[in-house]
$ cat my_file_5.pdb   # PDB, C-alpha atoms
ATOM      1  CA  MET A 464     -55.193 -23.468  25.102
ATOM      2  CA  ILE A 465     -51.486 -23.253  24.164
ATOM      3  CA  PRO A 466     -49.925 -19.901  25.153
ATOM      4  CA  ILE A 467     -49.123 -17.754  22.138
ATOM      5  CA  ARG A 468     -45.461 -17.531  23.256
ATOM      6  CA  SER A 469     -45.004 -21.267  22.685
ATOM      7  CA  LEU A 470     -46.657 -21.496  19.282
ATOM      8  CA  ALA A 471     -44.336 -22.235  16.387
ATOM      9  CA  ILE A 472     -44.691 -20.271  13.165
ATOM     10  CA  PRO A 473     -46.885 -22.338  10.814
ATOM     11  CA  LEU A 474     -44.710 -23.908   8.137
ATOM     12  CA  VAL A 475     -47.185 -23.072   5.414
ATOM     13  CA  LEU A 476     -47.939 -20.065   3.275
ATOM     14  CA  LEU A 477     -51.016 -18.347   1.958
ATOM     15  CA  ILE A 478     -52.030 -18.678  -1.647
ATOM     16  CA  GLY A 479     -52.745 -15.340  -3.314
ATOM     17  CA  GLY A 480     -53.308 -11.954  -1.704
ATOM     18  CA  SER A 481     -51.202  -8.809  -1.782
ATOM     19  CA  ALA A 482     -49.679  -9.304   1.680
ATOM     20  CA  GLY A 483     -49.911  -5.651   2.621
ATOM     21  CA  ALA A 484     -49.535  -4.606   6.250
ATOM     22  CA  GLN A 485     -53.294  -4.236   6.609
ATOM     23  CA  ASP A 486     -54.236  -7.432   4.739
ATOM     24  CA  LYS A 487     -55.534 -10.191   6.976
ATOM     25  CA  GLY A 488     -53.779 -13.485   7.508
ATOM     26  CA  THR A 489     -55.525 -16.723   8.343
ATOM     27  CA  LEU A 490     -55.952 -19.037  11.297
ATOM     28  CA  ASP A 491     -56.079 -22.004   8.926
ATOM     29  CA  PRO A 492     -53.221 -21.609   6.414
ATOM     30  CA  LYS A 493     -52.950 -24.161   3.628
ATOM     31  CA  PRO A 494     -49.707 -25.512   2.164
ATOM     32  CA  LEU A 495     -48.912 -24.607  -1.391
ATOM     33  CA  PRO A 496     -49.514 -27.520  -3.782
ATOM     34  CA  PRO A 497     -46.503 -29.414  -5.170
ATOM     35  CA  LEU A 498     -45.063 -28.082  -8.407
ATOM     36  CA  ALA A 499     -45.612 -30.222 -11.479
ATOM     37  CA  ASN A 500     -42.160 -29.413 -12.884
ATOM     38  CA  PRO A 501     -39.926 -27.704 -10.306
ATOM     39  CA  GLY A 502     -36.929 -27.968 -12.649
ATOM     40  CA  ASP A 503     -38.564 -25.878 -15.398
ATOM     41  CA  PRO A 504     -36.061 -23.047 -16.131
ATOM     42  CA  LYS A 505     -38.965 -20.723 -16.932
ATOM     43  CA  LEU A 506     -40.590 -21.259 -13.540
ATOM     44  CA  ALA A 507     -40.787 -18.133 -11.398
ATOM     45  CA  ALA A 508     -38.252 -18.280  -8.559
ATOM     46  CA  LYS A 509     -40.935 -17.111  -6.139
ATOM     47  CA  GLU A 510     -42.682 -20.460  -6.588
ATOM     48  CA  LEU A 511     -39.553 -22.250  -5.403
ATOM     49  CA  PHE A 512     -38.574 -19.989  -2.511
ATOM     50  CA  GLY A 513     -42.184 -19.691  -1.402
ATOM     51  CA  ARG A 514     -42.269 -23.440  -0.789
ATOM     52  CA  ARG A 515     -39.199 -23.543   1.452
ATOM     53  CA  THR A 516     -40.505 -23.485   5.005
ATOM     54  CA  ALA A 517     -37.222 -23.669   6.947
ATOM     55  CA  PRO A 518     -33.851 -21.924   6.565
ATOM     56  CA  ALA A 519     -30.882 -23.357   4.692
ATOM     57  CA  ASP A 520     -28.439 -25.086   7.034
ATOM     58  CA  LEU A 521     -25.514 -23.005   5.784
ATOM     59  CA  ARG A 522     -23.248 -20.245   7.084
ATOM     60  CA  SER A 523     -25.287 -17.078   7.529
ATOM     61  CA  ARG A 524     -24.876 -14.607   4.679
ATOM     62  CA  SER A 525     -26.899 -12.277   2.481
ATOM     63  CA  ILE A 526     -26.481 -13.035  -1.207
ATOM     64  CA  GLY A 527     -27.189 -10.626  -4.050
ATOM     65  CA  SER A 528     -29.155  -7.402  -3.852
ATOM     66  CA  TYR A 529     -32.242  -6.433  -1.897
ATOM     67  CA  ALA A 530     -34.605  -7.183  -4.797
ATOM     68  CA  ARG A 531     -32.610  -9.975  -6.465
ATOM     69  CA  GLY A 532     -31.088 -12.449  -4.047
ATOM     70  CA  CYS A 533     -31.530 -14.846  -1.133
ATOM     71  CA  VAL A 534     -30.292 -15.484   2.408
ATOM     72  CA  ALA A 535     -28.404 -18.477   3.810
ATOM     73  CA  GLY A 536     -28.485 -19.479   7.457
ATOM     74  CA  ALA A 537     -31.390 -17.200   8.308
ATOM     75  CA  ALA A 538     -32.554 -16.768  11.896
ATOM     76  CA  ALA A 539     -36.116 -16.232  13.103
ATOM     77  CA  ILE A 540     -37.086 -13.469  15.453
ATOM     78  CA  PRO A 541     -39.120 -15.082  18.261
ATOM     79  CA  ILE A 542     -42.795 -14.307  17.869
ATOM     80  CA  ASP A 543     -42.817 -12.711  21.327
ATOM     81  CA  GLY A 544     -40.299 -10.581  23.169
ATOM     82  CA  ASP A 545     -40.600  -8.223  26.089
ATOM     83  CA  ASN A 546     -40.773  -5.319  23.627
ATOM     84  CA  TRP A 547     -42.017  -6.821  20.375
ATOM     85  CA  GLN A 548     -44.677  -9.088  18.897
ATOM     86  CA  VAL A 549     -44.660 -10.608  15.412
ATOM     87  CA  MET A 550     -47.756 -10.110  13.283
ATOM     88  CA  ARG A 551     -49.301 -12.221  10.487
ATOM     89  CA  LEU A 552     -47.743 -15.463  11.711
ATOM     90  CA  SER A 553     -49.332 -17.450   8.882
ATOM     91  CA  ARG A 554     -46.988 -15.798   6.373
ATOM     92  CA  ASN A 555     -43.850 -17.354   7.936
ATOM     93  CA  ARG A 556     -41.863 -14.214   7.121
ATOM     94  CA  ASN A 557     -40.156 -13.562  10.440
ATOM     95  CA  TRP A 558     -36.778 -14.751   9.112
ATOM     96  CA  GLY A 559     -33.708 -12.667   8.370
ATOM     97  CA  HIS A 560     -29.950 -12.370   8.501
ATOM     98  CA  PRO A 561     -28.891 -12.802  12.145
ATOM     99  CA  GLN A 562     -27.559  -9.232  12.168
ATOM    100  CA  LEU A 563     -31.007  -7.892  11.304
ATOM    101  CA  ILE A 564     -32.723 -10.084  13.879
ATOM    102  CA  GLY A 565     -30.292  -8.915  16.562
ATOM    103  CA  PHE A 566     -30.767  -5.305  15.520
ATOM    104  CA  LEU A 567     -34.560  -5.548  15.780
ATOM    105  CA  GLN A 568     -34.385  -7.123  19.230
ATOM    106  CA  ARG A 569     -31.986  -4.463  20.551
ATOM    107  CA  PHE A 570     -33.927  -1.615  18.981
ATOM    108  CA  ALA A 571     -37.238  -2.866  20.369
ATOM    109  CA  THR A 572     -35.747  -3.078  23.855
ATOM    110  CA  ARG A 573     -34.829   0.616  23.648
ATOM    111  CA  LEU A 574     -38.271   1.670  22.475
ATOM    112  CA  PRO A 575     -39.841   2.712  25.814
ATOM    113  CA  GLY A 576     -37.007   5.197  26.234
ATOM    114  CA  ILE A 577     -37.259   6.411  22.635
ATOM    115  CA  ASN A 578     -40.946   7.279  22.433
ATOM    116  CA  GLY A 579     -42.739   5.672  25.374
ATOM    117  CA  TRP A 580     -44.280   2.823  23.385
ATOM    118  CA  PRO A 581     -44.274  -0.587  25.095
ATOM    119  CA  GLY A 582     -42.737  -2.125  21.994
ATOM    120  CA  LEU A 583     -42.916  -2.858  18.274
ATOM    121  CA  LEU A 584     -45.331  -4.793  16.117
ATOM    122  CA  VAL A 585     -43.097  -6.533  13.586
ATOM    123  CA  GLY A 586     -44.443  -7.180  10.108
ATOM    124  CA  ASP A 587     -42.764  -8.964   7.198
ATOM    125  CA  ILE A 588     -39.007  -9.557   7.270
ATOM    126  CA  SER A 589     -38.066 -12.336   4.831
ATOM    127  CA  GLN A 590     -38.895 -15.918   3.930
ATOM    128  CA  PRO A 591     -36.787 -18.695   5.506
ATOM    129  CA  ARG A 592     -34.417 -18.633   2.537
ATOM    130  CA  GLY A 593     -35.214 -15.144   1.317
ATOM    131  CA  GLY A 594     -35.700 -14.846  -2.404
ATOM    132  CA  PRO A 595     -38.718 -13.501  -4.294
ATOM    133  CA  MET A 596     -42.120 -13.800  -2.606
ATOM    134  CA  ILE A 597     -45.308 -15.116  -4.157
ATOM    135  CA  THR A 598     -47.232 -12.172  -2.709
ATOM    136  CA  GLY A 599     -46.209  -8.692  -1.719
ATOM    137  CA  HIS A 600     -42.692  -7.348  -1.731
ATOM    138  CA  ALA A 601     -40.216  -6.907  -4.557
ATOM    139  CA  SER A 602     -37.419  -6.499  -1.997
ATOM    140  CA  HIS A 603     -37.043  -8.310   1.385
ATOM    141  CA  GLN A 604     -35.039 -10.976  -0.485
ATOM    142  CA  ILE A 605     -31.689 -11.056   1.368
ATOM    143  CA  GLY A 606     -32.816 -10.897   4.982
ATOM    144  CA  LEU A 607     -31.885  -7.256   5.609
ATOM    145  CA  ASP A 608     -35.329  -5.611   5.258
ATOM    146  CA  ALA A 609     -38.026  -5.420   7.929
ATOM    147  CA  ASP A 610     -41.453  -3.792   8.122
ATOM    148  CA  ILE A 611     -42.458  -2.191  11.421
ATOM    149  CA  TRP A 612     -46.086  -1.269  11.982
ATOM    150  CA  LEU A 613     -46.903   2.343  12.782
ATOM    151  CA  THR A 614     -49.174   1.025  15.534
ATOM    152  CA  PRO A 615     -47.727   0.747  19.044
ATOM    153  CA  MET A 616     -47.555  -2.659  20.640
ATOM    154  CA  PRO A 617     -50.263  -2.924  23.314
ATOM    155  CA  ASN A 618     -49.515  -3.655  26.965
ATOM    156  CA  ARG A 619     -50.677  -7.245  26.555
ATOM    157  CA  ARG A 620     -50.074 -10.258  24.394
ATOM    158  CA  LEU A 621     -52.184 -10.259  21.262
ATOM    159  CA  SER A 622     -54.119 -13.415  20.500
ATOM    160  CA  ARG A 623     -53.351 -15.453  17.411
ATOM    161  CA  ALA A 624     -56.574 -14.180  15.838
ATOM    162  CA  GLU A 625     -55.625 -10.565  16.503
ATOM    163  CA  ARG A 626     -52.219 -11.081  14.952
ATOM    164  CA  GLU A 627     -53.829 -12.392  11.779
ATOM    165  CA  GLU A 628     -56.824 -10.080  11.542
ATOM    166  CA  MET A 629     -56.233  -6.690  13.176
ATOM    167  CA  SER A 630     -55.287  -3.909  10.806
ATOM    168  CA  ALA A 631     -52.320  -1.632  11.045
ATOM    169  CA  THR A 632     -53.086   2.085  11.292
ATOM    170  CA  ASN A 633     -53.238   4.207   8.137
ATOM    171  CA  MET A 634     -51.292   7.380   8.883
ATOM    172  CA  VAL A 635     -52.064   9.176   5.613
ATOM    173  CA  ARG A 636     -54.988  11.417   4.702
ATOM    174  CA  ASP A 637     -57.419  10.132   2.102
ATOM    175  CA  ASP A 638     -56.102  12.618  -0.492
ATOM    176  CA  GLY A 639     -52.543  11.399   0.037
ATOM    177  CA  LEU A 640     -51.191  14.926   0.488
ATOM    178  CA  ASP A 641     -50.308  14.779   4.176
ATOM    179  CA  ILE A 642     -50.540  12.704   7.321
ATOM    180  CA  ASP A 643     -53.799  12.287   9.226
ATOM    181  CA  PRO A 644     -53.320  14.621  12.229
ATOM    182  CA  ALA A 645     -55.755  12.563  14.277
ATOM    183  CA  ARG A 646     -53.395   9.575  14.078
ATOM    184  CA  TRP A 647     -49.887  10.916  13.624
ATOM    185  CA  THR A 648     -48.065  11.768  16.858
ATOM    186  CA  PRO A 649     -44.654  13.037  18.009
ATOM    187  CA  GLN A 650     -43.976   9.439  19.071
ATOM    188  CA  HIS A 651     -44.003   8.396  15.411
ATOM    189  CA  THR A 652     -41.439  11.065  14.570
ATOM    190  CA  ALA A 653     -39.224   9.969  17.468
ATOM    191  CA  LEU A 654     -39.443   6.327  16.378
ATOM    192  CA  ILE A 655     -38.416   6.959  12.775
ATOM    193  CA  ARG A 656     -35.712   9.432  13.810
ATOM    194  CA  ALA A 657     -34.209   6.817  16.132
ATOM    195  CA  ALA A 658     -34.298   4.082  13.472
ATOM    196  CA  SER A 659     -32.708   6.285  10.836
ATOM    197  CA  SER A 660     -29.983   7.385  13.253
ATOM    198  CA  GLU A 661     -28.736   3.822  13.791
ATOM    199  CA  ARG A 662     -25.306   3.229  12.231
ATOM    200  CA  GLY A 663     -26.128  -0.006  10.438
ATOM    201  CA  VAL A 664     -29.326   1.312   8.838
ATOM    202  CA  ALA A 665     -28.925   2.141   5.143
ATOM    203  CA  ARG A 666     -32.442   3.441   4.480
ATOM    204  CA  VAL A 667     -35.837   3.896   6.089
ATOM    205  CA  PHE A 668     -38.765   3.898   3.658
ATOM    206  CA  VAL A 669     -41.973   5.822   4.422
ATOM    207  CA  ASN A 670     -44.962   7.165   2.534
ATOM    208  CA  PRO A 671     -44.212  10.589   0.964
ATOM    209  CA  ALA A 672     -46.852  12.192   3.205
ATOM    210  CA  ILE A 673     -45.013  10.829   6.238
ATOM    211  CA  LYS A 674     -41.734  12.186   4.906
ATOM    212  CA  LYS A 675     -43.455  15.570   4.591
ATOM    213  CA  ALA A 676     -44.467  15.435   8.266
ATOM    214  CA  LEU A 677     -40.951  14.437   9.285
ATOM    215  CA  CYS A 678     -39.491  17.351   7.329
ATOM    216  CA  ARG A 679     -41.750  19.743   9.271
ATOM    217  CA  GLU A 680     -40.995  18.191  12.639
ATOM    218  CA  ALA A 681     -37.283  17.383  12.353
ATOM    219  CA  GLY A 682     -35.977  20.389  14.258
ATOM    220  CA  ALA A 683     -32.425  21.690  14.007
ATOM    221  CA  ASP A 684     -30.706  18.321  13.491
ATOM    222  CA  ARG A 685     -31.810  17.192  10.056
ATOM    223  CA  SER A 686     -28.977  14.799   9.286
ATOM    224  CA  TRP A 687     -31.101  11.710   9.975
ATOM    225  CA  LEU A 688     -33.593  12.710   7.278
ATOM    226  CA  THR A 689     -31.094  11.759   4.562
ATOM    227  CA  LYS A 690     -31.781   8.048   5.027
ATOM    228  CA  VAL A 691     -35.571   8.491   5.151
ATOM    229  CA  ARG A 692     -36.749   7.882   1.598
ATOM    230  CA  PRO A 693     -40.309   8.359   0.272
ATOM    231  CA  ILE A 694     -42.053   5.497  -1.486
ATOM    232  CA  TRP A 695     -45.684   4.563  -2.052
ATOM    233  CA  GLY A 696     -47.317   1.740  -0.150
ATOM    234  CA  HIS A 697     -45.978   2.666   3.277
ATOM    235  CA  ASN A 698     -49.067   4.273   4.841
ATOM    236  CA  TYR A 699     -49.335   1.653   7.579
ATOM    237  CA  HIS A 700     -45.736   0.758   8.337
ATOM    238  CA  PHE A 701     -42.191   1.911   7.827
ATOM    239  CA  HIS A 702     -39.432  -0.209   6.321
ATOM    240  CA  ILE A 703     -35.969  -0.560   7.832
ATOM    241  CA  ARG A 704     -33.131  -1.666   5.541
ATOM    242  CA  LEU A 705     -29.719  -2.590   6.914
ATOM    243  CA  ALA A 706     -26.506  -2.218   4.959
ATOM    244  CA  CYS A 707     -24.699  -5.389   3.910
ATOM    245  CA  PRO A 708     -22.850  -7.024   6.808
ATOM    246  CA  ALA A 709     -19.100  -6.411   6.854
ATOM    247  CA  GLY A 710     -17.089  -9.059   5.051
ATOM    248  CA  GLU A 711     -19.962 -10.504   3.018
ATOM    249  CA  ALA A 712     -18.623  -9.950  -0.480
ATOM    250  CA  GLY A 713     -21.624 -11.591  -2.128
ATOM    251  CA  CYS A 714     -24.009  -8.965  -0.740
ATOM    252  CA  SER A 715     -24.609  -5.884  -2.894
ATOM    253  CA  ASP A 716     -25.339  -2.578  -1.160
ATOM    254  CA  GLN A 717     -27.355   0.195  -2.749
ATOM    255  CA  ASP A 718     -25.600   3.416  -3.583
ATOM    256  CA  PRO A 719     -25.755   5.863  -0.654
ATOM    257  CA  PRO A 720     -28.873   8.068  -0.669
ATOM    258  CA  PRO A 721     -28.494  11.570  -2.127
ATOM    259  CA  SER A 722     -27.027  14.133   0.239
ATOM    260  CA  GLY A 723     -29.288  16.624   1.974
ATOM    261  CA  ASP A 724     -32.503  16.159   3.900
ATOM    262  CA  GLY A 725     -34.655  15.155   0.914
ATOM    263  CA  CYS A 726     -37.236  17.835   1.661
ATOM    264  CA  GLY A 727     -38.220  20.809  -0.548
ATOM    265  CA  ALA A 728     -38.456  20.380  -4.308
ATOM    266  CA  GLU A 729     -37.231  16.775  -4.200
ATOM    267  CA  LEU A 730     -40.155  15.806  -1.991
ATOM    268  CA  ASP A 731     -42.678  18.087  -3.742
ATOM    269  CA  ALA A 732     -42.263  16.030  -6.900
ATOM    270  CA  TRP A 733     -44.066  13.156  -5.191
ATOM    271  CA  PHE A 734     -47.264  15.204  -4.909
ATOM    272  CA  THR A 735     -47.820  16.028  -8.573
ATOM    273  CA  PRO A 736     -50.975  14.615 -10.217
ATOM    274  CA  GLN A 737     -48.815  12.268 -12.284
ATOM    275  CA  MET A 738     -47.234  10.769  -9.176
ATOM    276  CA  LEU A 739     -50.389  10.684  -7.069
ATOM    277  CA  HIS A 740     -52.471   9.118  -9.846
ATOM    278  CA  PRO A 741     -50.075   7.181 -12.110
ATOM    279  CA  LYS A 742     -51.234   5.263 -15.145
ATOM    280  CA  PRO A 743     -50.916   1.522 -14.631
ATOM    281  CA  GLY A 744     -47.761   0.138 -16.187
ATOM    282  CA  LYS A 745     -47.038  -3.267 -17.620
ATOM    283  CA  PRO A 746     -46.011  -5.637 -14.808
ATOM    284  CA  ARG A 747     -42.475  -6.964 -14.950
ATOM    285  CA  PRO A 748     -42.108 -10.681 -15.572
ATOM    286  CA  PRO A 749     -41.204 -12.594 -12.398
ATOM    287  CA  LEU A 750     -37.577 -13.470 -11.757
ATOM    288  CA  THR A 751     -36.416 -16.974 -12.579
ATOM    289  CA  LEU A 752     -33.822 -18.870 -10.562
ATOM    290  CA  ALA A 753     -31.275 -18.263 -13.332
ATOM    291  CA  GLN A 754     -31.680 -14.505 -12.842
ATOM    292  CA  LEU A 755     -30.643 -14.727  -9.181
ATOM    293  CA  PRO A 756     -27.021 -15.104  -8.023
ATOM    294  CA  ASN A 757     -25.644 -18.605  -8.639
ATOM    295  CA  GLU A 758     -25.306 -19.248  -4.895
ATOM    296  CA  CYS A 759     -29.077 -18.975  -4.511
ATOM    297  CA  ARG A 760     -29.484 -22.371  -6.185
ATOM    298  CA  SER A 761     -27.326 -23.882  -3.432
ATOM    299  CA  VAL A 762     -29.367 -22.058  -0.795
ATOM    300  CA  LEU A 763     -32.580 -23.353  -2.326
ATOM    301  CA  GLU A 764     -31.329 -26.958  -2.497
ATOM    302  CA  ALA A 765     -29.568 -27.094   0.895
ATOM    303  CA  PRO A 766     -31.058 -29.212   3.705
TER     304      PRO A 766
END

$ encode --input "my_file_5.pdb" --output "structure tokens"
Amino acid sequence: MIPIRSLAIPLVLLIGGSAGAQDKGTLDPKPLPPLANPGDPKLAAKELFGRRTAPADLRSRSIGSYARGCVAGAAAIPIDGDNWQVMRLSRNRNWGHPQLIGFLQRFATRLPGINGWPGLLVGDISQPRGGPMITGHASHQIGLDADIWLTPMPNRRLSRAEREEMSATNMVRDDGLDIDPARWTPQHTALIRAASSERGVARVFVNPAIKKALCREAGADRSWLTKVRPIWGHNYHFHIRLACPAGEAGCSDQDPPPSGDGCGAELDAWFTPQMLHPKPGKPRPPLTLAQLPNECRSVLEAP
């Protein structure tokens, strides 16, 4: 049997599925079929970027905005490190801007001293060339977003099957109003506090119930809470977003988050019946290549 450390990421992607943190991968991924007309201007850009299985051989840079862009010269985080393991290998989404990959490696190495965990389980980062994804995220397009499971890395190497099939841990109560006290620990608070306190981090996204727990447990220093933003769909993982690298004029930062700790009335609004049980809206049409920055065409077509 080949050791998991030496396995390459499969250069294929899954067809269908929501690609949530808890959704299973596969031990037998299938390549996407060729496109009948890849030059069709109406074709969804996700169909093009989803078929690129290696990074563009270009100078590393993030292009566009977090939910409308791409990444050139992406780097892959190795699937194994002393303090991290990559999950859902079949998705081939362990690619990102080299600054993000370096950040994750350094942060993971510090983890035993932050909260006592052996390391991180790393979820989706970006595709090899970024861009829209066929399944899952609206963001994660410019190589500066990464999902980290709220499950500690075990003191052993996970098998390939475990990486594809084990579920992340749901930290939120069934009613959505608060965390599950049987699963949430002070180690989770320490982890998110440390991530949010990093200089290059622009935002950390968590479920509103997790933000509520952090507001209770923050203590006297509440400055780090400013970057921690509530958003649905983050029961099982938290989402780190780096600011645009210095000197990359083609990368568009978000506006800074509102001042204050984001607790109180601002957070309470997430727990109204309308927010907890929203009416389904009309899905947005997928982005086309023409709707992305012009440079993304060069990234897509590069060797």

$ atom_distance --input "my_file_5.pdb" --atom1 "atom CA of A:Ala537" --atom2 "atom CA of A:Pro749"
23.4 Å

$ closest_residue --input "my_file_5.pdb" --among "A:Asn618, A:Ser761, A:Asn698, A:Thr572" --to "A:Ser630" --atoms "only C-alpha atoms"
A:Asn698

$ residues_around --input "my_file_5.pdb" --residues "A:Asn578" --least-positions-apart "3" --cutoff "8 Å" --atoms "all atoms listed in the file" --output "number ranges by chain"
A: 574-575, 650-651, 653-654

$ write_last_selection --input "my_file_5.pdb" --atoms "C-alpha atoms" --output "PDB file, in the frame of the given file"
ATOM      1  CA  LEU A 574     -38.271   1.670  22.475  1.00  0.00           C
ATOM      2  CA  PRO A 575     -39.841   2.712  25.814  1.00  0.00           C
ATOM      3  CA  GLN A 650     -43.976   9.439  19.071  1.00  0.00           C
ATOM      4  CA  HIS A 651     -44.003   8.396  15.411  1.00  0.00           C
ATOM      5  CA  ALA A 653     -39.224   9.969  17.468  1.00  0.00           C
ATOM      6  CA  LEU A 654     -39.443   6.327  16.378  1.00  0.00           C
TER       7      LEU A 654
END

$ atom_distance --input "my_file_5.pdb" --atom1 "atom CA of A:Gly527" --atom2 "atom CA of A:Arg666"
17.3 Å

$ resolve_selection --input "my_file_5.pdb" --expression "the PyMOL selection byres ((chain A and resi 755) around 12)" --output "PyMOL selection string"
chain A and resi 507-509+512+526-534+593-595+604-605+713+749-754+756-763

$ closest_residue --input "my_file_5.pdb" --among "A:Arg554, A:His702, A:Arg573, A:Arg692" --to "A:Lys674" --atoms "all atoms listed in the file"
A:Arg692

$ axis_aligned_box --input "my_file_5.pdb" --around "stretch 526-545 of chain A" --padding-each-side "6 Å" --output "AutoDock Vina command-line options"
--center_x -34.6 --center_y -13.0 --center_z 9.8 --size_x 28.3 --size_y 25.0 --size_z 44.6

$ atom_distance --input "my_file_5.pdb" --atom1 "atom CA of A:Ser659" --atom2 "atom CA of A:Leu705"
10.2 Å

$ resolve_selection --input "my_file_5.pdb" --expression "the PyMOL selection byres ((chain A and resi 522) around 7)" --output "VMD selection string"
chain A and resid 521 523 to 524 535 to 536

$ residues_around --input "my_file_5.pdb" --residues "A:Arg569" --least-positions-apart "4" --cutoff "12 Å" --atoms "all atoms listed in the file" --output "PyMOL selection string"
chain A and resi 540+544-547+562-565+573-575+582-583+658+661

$ residues_around --input "my_file_5.pdb" --residues "A:Gly723" --least-positions-apart "2" --cutoff "10 Å" --atoms "only C-alpha atoms" --output "PDB file with C-alpha atoms, in the frame of the given file"
ATOM      1  CA  ARG A 685     -31.810  17.192  10.056  1.00  0.00           C
ATOM      2  CA  SER A 686     -28.977  14.799   9.286  1.00  0.00           C
ATOM      3  CA  TRP A 687     -31.101  11.710   9.975  1.00  0.00           C
ATOM      4  CA  LEU A 688     -33.593  12.710   7.278  1.00  0.00           C
ATOM      5  CA  THR A 689     -31.094  11.759   4.562  1.00  0.00           C
ATOM      6  CA  LYS A 690     -31.781   8.048   5.027  1.00  0.00           C
ATOM      7  CA  PRO A 720     -28.873   8.068  -0.669  1.00  0.00           C
ATOM      8  CA  PRO A 721     -28.494  11.570  -2.127  1.00  0.00           C
ATOM      9  CA  GLY A 725     -34.655  15.155   0.914  1.00  0.00           C
ATOM     10  CA  CYS A 726     -37.236  17.835   1.661  1.00  0.00           C
TER      11      CYS A 726
END

$ resolve_selection --input "my_file_5.pdb" --expression "the PyMOL selection byres ((chain A and resi 696) around 10)" --output "list in words"
Gly483, Ala484, Phe668, Val669, Asn670, Pro671, Pro693, Ile694, Trp695, His697, Asn698, Tyr699, His700 and Phe701 of chain A

$ closest_residue --input "my_file_5.pdb" --among "A:Leu739, A:Leu677, A:Met616, A:Ile642" --to "A:Gly579" --atoms "all atoms listed in the file"
A:Met616

$ residues_around --input "my_file_5.pdb" --residues "A:Ala609" --least-positions-apart "5" --cutoff "6 Å" --atoms "all atoms listed in the file" --output "list in words"
Asp587, Ile588, His702 and Ile703 of chain A

$ closest_residue --input "my_file_5.pdb" --among "A:Arg620, A:His560, A:Arg636, A:Arg646" --to "A:Arg592" --atoms "only C-alpha atoms"
A:His560

$ closest_residue --input "my_file_5.pdb" --among "A:Val664, A:Leu621, A:Met596, A:Met550" --to "A:Leu584" --atoms "all atoms listed in the file"
A:Met550
